[in-house]
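This is protein.cif (mmCIF, C-alpha atoms).
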data_protein
#
loop_
_atom_site.label_atom_id
_atom_site.label_comp_id
_atom_site.auth_asym_id
_atom_site.auth_seq_id
_atom_site.Cartn_x
_atom_site.Cartn_y
_atom_site.Cartn_z
CA MET A 1 -53.83 -4.69 175.94
CA ASN A 2 -51.43 -7.18 174.33
CA ALA A 3 -48.85 -4.51 173.59
CA ILE A 4 -48.48 -3.67 177.29
CA LYS A 5 -48.08 -7.33 178.20
CA TYR A 6 -45.44 -7.95 175.58
CA VAL A 7 -43.52 -4.75 176.21
CA LEU A 8 -43.31 -5.59 179.91
CA ILE A 9 -41.83 -8.96 179.00
CA GLY A 10 -39.41 -7.41 176.51
CA THR A 11 -38.25 -4.48 178.62
CA ASN A 12 -37.91 -6.61 181.73
CA LEU A 13 -35.76 -8.99 179.69
CA ALA A 14 -33.54 -6.03 178.85
CA PHE A 15 -33.64 -4.95 182.50
CA LEU A 16 -32.51 -8.44 183.49
CA GLY A 17 -29.38 -7.89 181.42
CA THR A 18 -28.49 -4.88 183.59
CA ILE A 19 -29.10 -6.90 186.75
CA ILE A 20 -26.93 -9.81 185.60
CA GLY A 21 -24.19 -7.46 184.42
CA SER A 22 -24.22 -5.63 187.74
CA ALA A 23 -23.91 -8.98 189.55
CA PHE A 24 -20.39 -9.32 188.13
CA VAL A 25 -19.33 -6.99 190.93
CA PHE A 26 -19.48 -10.02 193.24
CA PHE A 27 -16.90 -11.88 191.14
CA ILE A 28 -14.56 -9.21 189.72
CA ASN A 29 -12.48 -6.90 191.89
CA LYS A 30 -11.18 -4.47 189.29
CA PRO A 31 -12.06 -4.31 185.59
CA SER A 32 -9.13 -4.29 183.19
CA LYS A 33 -8.96 -1.64 180.49
CA LYS A 34 -9.31 -4.32 177.84
CA LEU A 35 -12.44 -5.72 179.51
CA GLU A 36 -13.98 -2.23 179.59
CA SER A 37 -13.15 -1.69 175.92
CA LEU A 38 -14.60 -5.09 175.02
CA CYS A 39 -17.84 -4.52 176.96
CA LEU A 40 -18.42 -0.98 175.72
CA GLY A 41 -17.56 -1.86 172.12
CA PHE A 42 -19.98 -4.81 172.15
CA ALA A 43 -22.74 -2.66 173.67
CA ALA A 44 -22.17 0.01 171.00
CA GLY A 45 -22.36 -2.57 168.20
CA VAL A 46 -25.64 -4.02 169.47
CA MET A 47 -27.24 -0.58 169.81
CA MET A 48 -26.07 0.61 166.39
CA SER A 49 -27.34 -2.55 164.69
CA ALA A 50 -30.66 -2.33 166.53
CA SER A 51 -31.04 1.28 165.45
CA ILE A 52 -30.69 0.31 161.80
CA PHE A 53 -32.42 -3.07 161.48
CA SER A 54 -35.08 -2.78 164.19
CA LEU A 55 -35.93 0.91 163.95
CA LEU A 56 -34.82 2.78 160.80
CA ILE A 57 -35.73 0.08 158.28
CA PRO A 58 -39.21 -0.42 159.84
CA SER A 59 -39.56 3.38 159.83
CA MET A 60 -38.94 3.40 156.08
CA GLU A 61 -41.39 0.54 155.52
CA SER A 62 -44.06 2.22 157.64
CA SER A 63 -43.57 5.49 155.73
CA ILE A 64 -44.04 3.75 152.38
CA LYS A 65 -47.25 2.09 153.62
CA GLN A 66 -48.56 5.55 154.54
CA SER A 67 -47.49 6.95 151.14
CA LEU A 68 -44.90 9.18 152.80
CA ASN A 69 -41.44 10.06 151.53
CA PRO A 70 -39.28 7.98 153.94
CA LEU A 71 -36.66 10.72 154.11
CA ILE A 72 -39.01 13.12 155.88
CA PRO A 73 -39.84 11.05 159.00
CA ILE A 74 -36.30 9.64 159.19
CA ILE A 75 -34.56 13.01 159.07
CA LEU A 76 -37.07 14.69 161.38
CA GLY A 77 -37.25 11.75 163.79
CA ILE A 78 -33.48 11.33 164.09
CA THR A 79 -33.04 15.07 164.61
CA LEU A 80 -35.63 15.14 167.39
CA GLY A 81 -34.14 12.02 168.98
CA VAL A 82 -30.70 13.59 169.11
CA LEU A 83 -32.10 16.83 170.51
CA PHE A 84 -33.98 14.85 173.16
CA VAL A 85 -30.80 13.24 174.48
CA LEU A 86 -28.88 16.52 174.20
CA ILE A 87 -31.48 18.22 176.38
CA LEU A 88 -31.35 15.40 178.93
CA ASP A 89 -27.56 15.67 178.91
CA LYS A 90 -27.92 19.33 179.88
CA ILE A 91 -30.45 18.58 182.61
CA ILE A 92 -28.47 15.67 184.08
CA PRO A 93 -24.75 16.48 184.57
CA HIS A 94 -22.74 14.19 182.32
CA PHE A 95 -19.92 11.93 183.43
CA HIS A 96 -17.57 9.89 181.25
CA ILE A 97 -15.98 6.75 182.64
CA ALA A 98 -12.98 7.15 180.36
CA ASP A 99 -12.24 10.70 181.54
CA ASN A 100 -11.94 9.51 185.10
CA ARG A 101 -9.94 6.42 184.18
CA GLU A 102 -7.39 8.20 182.02
CA LYS A 103 -6.75 10.92 184.59
CA GLY A 104 -6.27 8.32 187.29
CA ILE A 105 -8.68 10.12 189.64
CA LYS A 106 -10.48 8.09 192.27
CA ILE A 107 -14.22 8.22 191.71
CA LYS A 108 -15.80 10.24 194.51
CA LEU A 109 -19.34 9.75 195.76
CA GLN A 110 -20.66 12.66 193.66
CA LYS A 111 -19.17 11.21 190.48
CA ALA A 112 -20.47 7.77 191.33
CA VAL A 113 -23.97 9.25 191.55
CA LEU A 114 -23.48 11.00 188.20
CA LEU A 115 -22.38 7.69 186.70
CA VAL A 116 -25.66 6.08 187.76
CA LEU A 117 -27.63 9.02 186.34
CA THR A 118 -25.71 8.87 183.06
CA VAL A 119 -26.38 5.17 182.51
CA THR A 120 -30.00 5.65 183.56
CA LEU A 121 -30.26 8.40 180.94
CA HIS A 122 -28.89 6.05 178.29
CA ASN A 123 -31.49 3.42 179.16
CA ILE A 124 -34.39 5.77 178.34
CA PRO A 125 -34.07 5.53 174.53
CA GLU A 126 -33.52 1.78 174.84
CA GLY A 127 -36.82 1.37 176.69
CA MET A 128 -38.51 3.57 174.12
CA ALA A 129 -37.10 1.51 171.26
CA VAL A 130 -38.37 -1.76 172.72
CA GLY A 131 -41.72 -0.15 173.44
CA VAL A 132 -42.08 1.07 169.87
CA ALA A 133 -41.16 -2.36 168.48
CA PHE A 134 -43.79 -4.18 170.53
CA ALA A 135 -46.40 -1.53 169.78
CA LEU A 136 -45.77 -2.04 166.08
CA ALA A 137 -45.86 -5.82 166.39
CA SER A 138 -49.08 -6.04 168.38
CA GLU A 139 -51.09 -3.11 167.06
CA THR A 140 -50.09 -2.39 163.45
CA GLY A 141 -48.22 -5.41 162.12
CA THR A 142 -45.47 -3.18 160.67
CA ILE A 143 -42.96 -5.62 162.17
CA ASN A 144 -43.63 -9.07 163.61
CA LEU A 145 -43.43 -10.14 167.22
CA SER A 146 -40.27 -12.19 166.67
CA SER A 147 -38.45 -9.09 165.42
CA ALA A 148 -39.58 -7.16 168.51
CA PHE A 149 -38.25 -9.92 170.75
CA ALA A 150 -35.00 -9.88 168.76
CA LEU A 151 -34.62 -6.22 169.73
CA ALA A 152 -35.37 -7.06 173.38
CA ILE A 153 -32.75 -9.82 173.31
CA GLY A 154 -30.31 -7.39 171.74
CA MET A 155 -30.93 -4.91 174.54
CA PHE A 156 -30.42 -7.74 177.05
CA LEU A 157 -27.00 -8.46 175.51
CA GLN A 158 -26.18 -4.75 175.42
CA ASN A 159 -27.11 -4.29 179.07
CA LEU A 160 -24.82 -7.07 180.29
CA PRO A 161 -21.60 -5.09 179.70
CA GLU A 162 -23.38 -1.88 180.68
CA GLY A 163 -24.21 -3.36 184.09
CA ILE A 164 -20.56 -4.31 184.51
CA ALA A 165 -19.43 -0.84 183.46
CA ILE A 166 -21.51 0.85 186.16
CA ALA A 167 -21.30 -1.56 189.12
CA LEU A 168 -17.52 -2.05 189.15
CA PRO A 169 -16.65 1.70 189.18
CA LEU A 170 -19.14 2.14 192.04
CA LYS A 171 -17.30 -0.52 194.00
CA GLN A 172 -14.03 1.28 193.29
CA ALA A 173 -15.66 4.43 194.65
CA GLY A 174 -15.98 2.75 198.03
CA LYS A 175 -19.46 1.28 197.79
CA SER A 176 -19.99 -2.22 199.13
CA ARG A 177 -20.52 -4.97 196.57
CA LYS A 178 -24.18 -5.17 197.56
CA LYS A 179 -24.78 -1.43 197.17
CA ALA A 180 -22.86 -1.30 193.88
CA PHE A 181 -25.01 -4.17 192.60
CA MET A 182 -28.25 -2.50 193.70
CA LEU A 183 -27.35 0.89 192.19
CA GLY A 184 -26.19 -0.72 188.97
CA SER A 185 -29.42 -2.71 188.71
CA ILE A 186 -31.65 0.28 189.49
CA SER A 187 -30.16 2.18 186.55
CA GLY A 188 -32.10 -0.12 184.22
CA ILE A 189 -35.54 0.35 185.80
CA VAL A 190 -36.36 3.20 183.40
CA GLU A 191 -36.53 0.75 180.49
CA PRO A 192 -39.85 -0.90 181.51
CA ILE A 193 -41.23 2.51 182.53
CA PHE A 194 -40.46 4.27 179.26
CA GLY A 195 -41.34 1.16 177.27
CA VAL A 196 -44.89 1.22 178.63
CA ILE A 197 -45.19 5.00 178.20
CA THR A 198 -44.11 4.69 174.57
CA VAL A 199 -46.60 1.90 173.87
CA LEU A 200 -49.43 4.02 175.26
CA LEU A 201 -48.41 7.03 173.18
CA VAL A 202 -47.88 5.03 169.99
CA GLY A 203 -51.32 3.45 170.38
CA LEU A 204 -52.84 6.94 170.37
CA VAL A 205 -50.85 8.35 167.45
CA SER A 206 -50.24 5.39 165.13
CA LYS A 207 -49.92 7.64 162.08
CA PHE A 208 -46.74 9.06 163.61
CA LEU A 209 -45.07 5.63 163.92
CA PRO A 210 -42.40 6.34 161.25
CA TYR A 211 -41.35 9.44 163.20
CA VAL A 212 -41.37 7.64 166.56
CA LEU A 213 -39.20 4.82 165.21
CA ALA A 214 -36.68 7.27 163.77
CA PHE A 215 -36.79 9.27 167.02
CA ALA A 216 -35.81 6.19 169.05
CA ALA A 217 -33.08 5.36 166.53
CA GLY A 218 -31.67 8.89 166.64
CA ALA A 219 -31.52 8.85 170.44
CA MET A 220 -29.74 5.48 170.48
CA ILE A 221 -27.27 6.41 167.74
CA TYR A 222 -26.37 9.60 169.60
CA VAL A 223 -25.59 7.61 172.75
CA VAL A 224 -23.44 5.19 170.75
CA VAL A 225 -21.43 7.86 168.94
CA GLU A 226 -21.11 10.35 171.79
CA GLU A 227 -20.49 7.94 174.66
CA LEU A 228 -19.92 4.26 173.96
CA ILE A 229 -17.60 4.32 170.95
CA PRO A 230 -15.19 6.96 172.36
CA GLU A 231 -14.96 5.09 175.66
CA SER A 232 -14.43 1.73 173.95
CA GLN A 233 -11.47 3.31 172.15
CA SER A 234 -9.85 4.81 175.25
CA GLU A 235 -7.59 1.77 175.59
CA ARG A 236 -5.07 2.31 172.79
CA SER A 237 -3.79 -1.17 172.08
CA LYS A 238 -2.65 -2.92 168.94
CA ASN A 239 -5.39 -5.52 169.11
CA ASN A 240 -8.18 -2.93 168.61
CA ILE A 241 -10.41 -4.88 170.96
CA GLY A 242 -13.04 -2.12 171.07
CA VAL A 243 -13.45 -2.14 167.28
CA ILE A 244 -13.57 -5.93 167.09
CA SER A 245 -16.13 -6.22 169.88
CA PHE A 246 -18.20 -3.48 168.19
CA MET A 247 -18.36 -5.53 165.00
CA ILE A 248 -19.24 -8.69 166.94
CA GLY A 249 -22.05 -6.88 168.75
CA PHE A 250 -23.30 -5.42 165.47
CA LEU A 251 -23.32 -8.83 163.77
CA VAL A 252 -24.96 -10.60 166.73
CA MET A 253 -27.84 -8.13 166.77
CA MET A 254 -28.18 -8.20 162.98
CA ILE A 255 -28.33 -12.02 162.96
CA LEU A 256 -30.94 -11.99 165.74
CA ASP A 257 -33.09 -9.47 163.91
CA ILE A 258 -32.89 -11.17 160.51
CA SER A 259 -33.27 -14.71 161.87
CA LEU A 260 -36.22 -13.96 164.17
CA GLY A 261 -37.70 -11.27 161.94
#
Show this structure as structure tokens.
Amino acid sequence: MNAIKYVLIGTNLAFLGTIIGSAFVFFINKPSKKLESLCLGFAAGVMMSASIFSLLIPSMESSIKQSLNPLIPIILGITLGVLFVLILDKIIPHFHIADNREKGIKIKLQKAVLLVLTVTLHNIPEGMAVGVAFALASETGTINLSSAFALAIGMFLQNLPEGIAIALPLKQAGKSRKKAFMLGSISGIVEPIFGVITVLLVGLVSKFLPYVLAFAAGAMIYVVVEELIPESQSERSKNNIGVISFMIGFLVMMILDISLG
């Protein structure tokens, strides 16, 4: 099945971003607050742009092709996507990097584990989004393959700062550089897994593609608004580095999607 082959390439490209980002633990001893704001802001911008240009717009186009009112699948899909992440947040205890940083509390082993689980949770909708894009490109033609790869590249760029954001705090918690790198990298393994699962499901229920696209977008937007943007703004400085990096990430992903799409 071509979709499976392509989604494995795409999601493993995104996974590679997490691995490379985590490798920064071998070169950086302690992340500055500005670096954290820059990384998180950029990641938020990429994810928000991908949600709009790679998921919501194709959802609208797919709805129109099926003679559906685009508002119905978008509203329902986004709502279900948000509820999905909310439920996972309840199942997996949540941990905010900024909370720990601002209180000046040393990250204990338990919190380090929660950090890994939190980032792993965030990678689930990313894997789903890439899976949906490649399913659409290879099976239905709703979007082309270049656009799907643009999303995968966007997730690669988003995962670079995410890998940094997880591996460095783990090192501060007392983990060796090697263990921090391994744990940071492992957090991204759910992307290929959920990408393949999504492709298989989409292949069976193609008429629900507009809803699935909006679902993935809703899950990603929730993560951006609830987690990444607040943490990118935790460093209150006059240069607004979190906002600027958000806009750069948004524009980079938009350019990728439009140019390759």
Return as a CSV table (one decimal) with C-alpha atoms, keeping the file's coordinate frame the set of residues that the PyMOL selection byres ((chain A and resi 176-178) around 10) yields on the displayed structure.
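Once written, result-v6.csv looks like this:
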chain,number,residue,atom,x,y,z
A,22,SER,CA,-24.2,-5.6,187.7
A,23,ALA,CA,-23.9,-9.0,189.6
A,24,PHE,CA,-20.4,-9.3,188.1
A,25,VAL,CA,-19.3,-7.0,190.9
A,26,PHE,CA,-19.5,-10.0,193.2
A,27,PHE,CA,-16.9,-11.9,191.1
A,29,ASN,CA,-12.5,-6.9,191.9
A,167,ALA,CA,-21.3,-1.6,189.1
A,168,LEU,CA,-17.5,-2.0,189.2
A,170,LEU,CA,-19.1,2.1,192.0
A,171,LYS,CA,-17.3,-0.5,194.0
A,172,GLN,CA,-14.0,1.3,193.3
A,173,ALA,CA,-15.7,4.4,194.6
A,174,GLY,CA,-16.0,2.8,198.0
A,175,LYS,CA,-19.5,1.3,197.8
A,179,LYS,CA,-24.8,-1.4,197.2
A,180,ALA,CA,-22.9,-1.3,193.9
A,181,PHE,CA,-25.0,-4.2,192.6
A,182,MET,CA,-28.2,-2.5,193.7
A,183,LEU,CA,-27.4,0.9,192.2
A,184,GLY,CA,-26.2,-0.7,189.0
Using Å and a single decimal, report how far CA of Ser59 (chain A) sits from CA of Leu251 (chain A).
20.7 Å
Taking 3 positions as the minimum chain separation for residues in the same chain, which residues sit within 6 Å of region 221-225 of chain A when counting only C-alpha atoms? Answer as a PDB file with C-alpha atoms, keeping the file's coordinate frame.
ATOM      1  CA  ALA A  44     -22.170   0.010 171.000  1.00  0.00           C
ATOM      2  CA  VAL A  82     -30.700  13.590 169.110  1.00  0.00           C
ATOM      3  CA  GLY A 218     -31.670   8.890 166.640  1.00  0.00           C
ATOM      4  CA  LEU A 228     -19.920   4.260 173.960  1.00  0.00           C
ATOM      5  CA  ILE A 229     -17.600   4.320 170.950  1.00  0.00           C
TER       6      ILE A 229
END
Show me as a compact mmCIF listing (two decimals) with C-alpha atoms, keeping the file's coordinate frame the residues that reach within 10 Å of (-27.4, -6.8, 165.0), counting only C-alpha atoms and using the file's own coordinates.
# COMPACT_ATOMS: atom_id res chain seq x y z
CA GLY A 45 -22.36 -2.57 168.20
CA VAL A 46 -25.64 -4.02 169.47
CA MET A 47 -27.24 -0.58 169.81
CA MET A 48 -26.07 0.61 166.39
CA SER A 49 -27.34 -2.55 164.69
CA ALA A 50 -30.66 -2.33 166.53
CA SER A 51 -31.04 1.28 165.45
CA ILE A 52 -30.69 0.31 161.80
CA PHE A 53 -32.42 -3.07 161.48
CA SER A 54 -35.08 -2.78 164.19
CA ALA A 150 -35.00 -9.88 168.76
CA LEU A 151 -34.62 -6.22 169.73
CA GLY A 154 -30.31 -7.39 171.74
CA MET A 247 -18.36 -5.53 165.00
CA ILE A 248 -19.24 -8.69 166.94
CA GLY A 249 -22.05 -6.88 168.75
CA PHE A 250 -23.30 -5.42 165.47
CA LEU A 251 -23.32 -8.83 163.77
CA VAL A 252 -24.96 -10.60 166.73
CA MET A 253 -27.84 -8.13 166.77
CA MET A 254 -28.18 -8.20 162.98
CA ILE A 255 -28.33 -12.02 162.96
CA LEU A 256 -30.94 -11.99 165.74
CA ASP A 257 -33.09 -9.47 163.91
CA ILE A 258 -32.89 -11.17 160.51
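The spacing separating CA of Gly21 (chain A) from CA of Glu36 (chain A) amounts to 12.4 Å.
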Got a sec to resolve the PyMOL selection byres ((chain A and resi 41) around 7) on this structure and send the residues as a list in words?
Ser37, Leu38, Cys39, Leu40, Phe42, Ala43, Ala44, Gly45, Leu228, Ile229, Ser232, Gly242, Val243, Ser245 and Phe246 of chain A
May I have the residues from that selection written out with C-alpha atoms, as a short mmCIF file (atom, residue, chain, number, x, y, z; two decimals), in the coordinates of the input?
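Output file out.cif follows:
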data_model
loop_
_atom_site.label_atom_id
_atom_site.label_comp_id
_atom_site.auth_asym_id
_atom_site.auth_seq_id
_atom_site.Cartn_x
_atom_site.Cartn_y
_atom_site.Cartn_z
CA SER A 37 -13.15 -1.69 175.92
CA LEU A 38 -14.60 -5.09 175.02
CA CYS A 39 -17.84 -4.52 176.96
CA LEU A 40 -18.42 -0.98 175.72
CA PHE A 42 -19.98 -4.81 172.15
CA ALA A 43 -22.74 -2.66 173.67
CA ALA A 44 -22.17 0.01 171.00
CA GLY A 45 -22.36 -2.57 168.20
CA LEU A 228 -19.92 4.26 173.96
CA ILE A 229 -17.60 4.32 170.95
CA SER A 232 -14.43 1.73 173.95
CA GLY A 242 -13.04 -2.12 171.07
CA VAL A 243 -13.45 -2.14 167.28
CA SER A 245 -16.13 -6.22 169.88
CA PHE A 246 -18.20 -3.48 168.19
#
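Counting from CA of Pro161 (chain A), the distance to CA of Thr18 (chain A) is 7.9 Å.
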Using the chain letters and numbering of this document, enumerate as a PyMOL selection string the residues selected by the PyMOL selection byres ((chain A and resi 219) around 10).
chain A and resi 51+77-86+122+124-126+128-129+214-218+220-224
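Among the candidate residues A:Ile197, A:Val130, A:Leu121, A:Met60, the one lying nearest to Leu88 (chain A) is A:Leu121, with distances computed using all atoms listed in the file.
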Of A:Ala152, A:Leu145, A:Val199, A:Leu260, the one sitting nearest Leu13 (chain A) when using only C-alpha atoms is A:Ala152
Please determine, counting all atoms listed in the file, which residue among A:Ser62, A:Asn159, A:Ile164, A:Lys34 has the shortest atom-to-atom distance to Gln233 (chain A).
A:Lys34
Which one of A:Val212, A:Ala165, A:Ile241, A:Ala3 sits closest to Ile28 (chain A) if you count all atoms listed in the file?
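Nearest to Ile28 (chain A): A:Ala165.
Of the listed residues A:Ile9, A:Ile57, A:Thr120, A:Ile166, the one whose atoms come nearest to Ile189 (chain A) is A:Thr120, with distances taken using only C-alpha atoms.
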So that I can see what lies close to Gly127 (chain A), please list as a ChimeraX atom specification the residues with an atom at most 8 Å from it, counting only C-alpha atoms and leaving out residues fewer than 3 positions away in the same chain.
/A:11,123-124,130-131,190-195
Go through A:Val7, A:Leu35, A:Ala14, A:Leu68 and flag the residue nearest Glu231 (chain A), using all atoms listed in the file for the distances.
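Going through A:Val7, A:Leu35, A:Ala14, A:Leu68 one by one, the smallest distance to Glu231 (chain A) is for A:Leu35.
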7 Å contact set for Ala148 (chain A), only C-alpha atoms, chain neighbours under 5 positions out, as JSON, numbers by chain
{"A": [130, 133, 134, 137]}
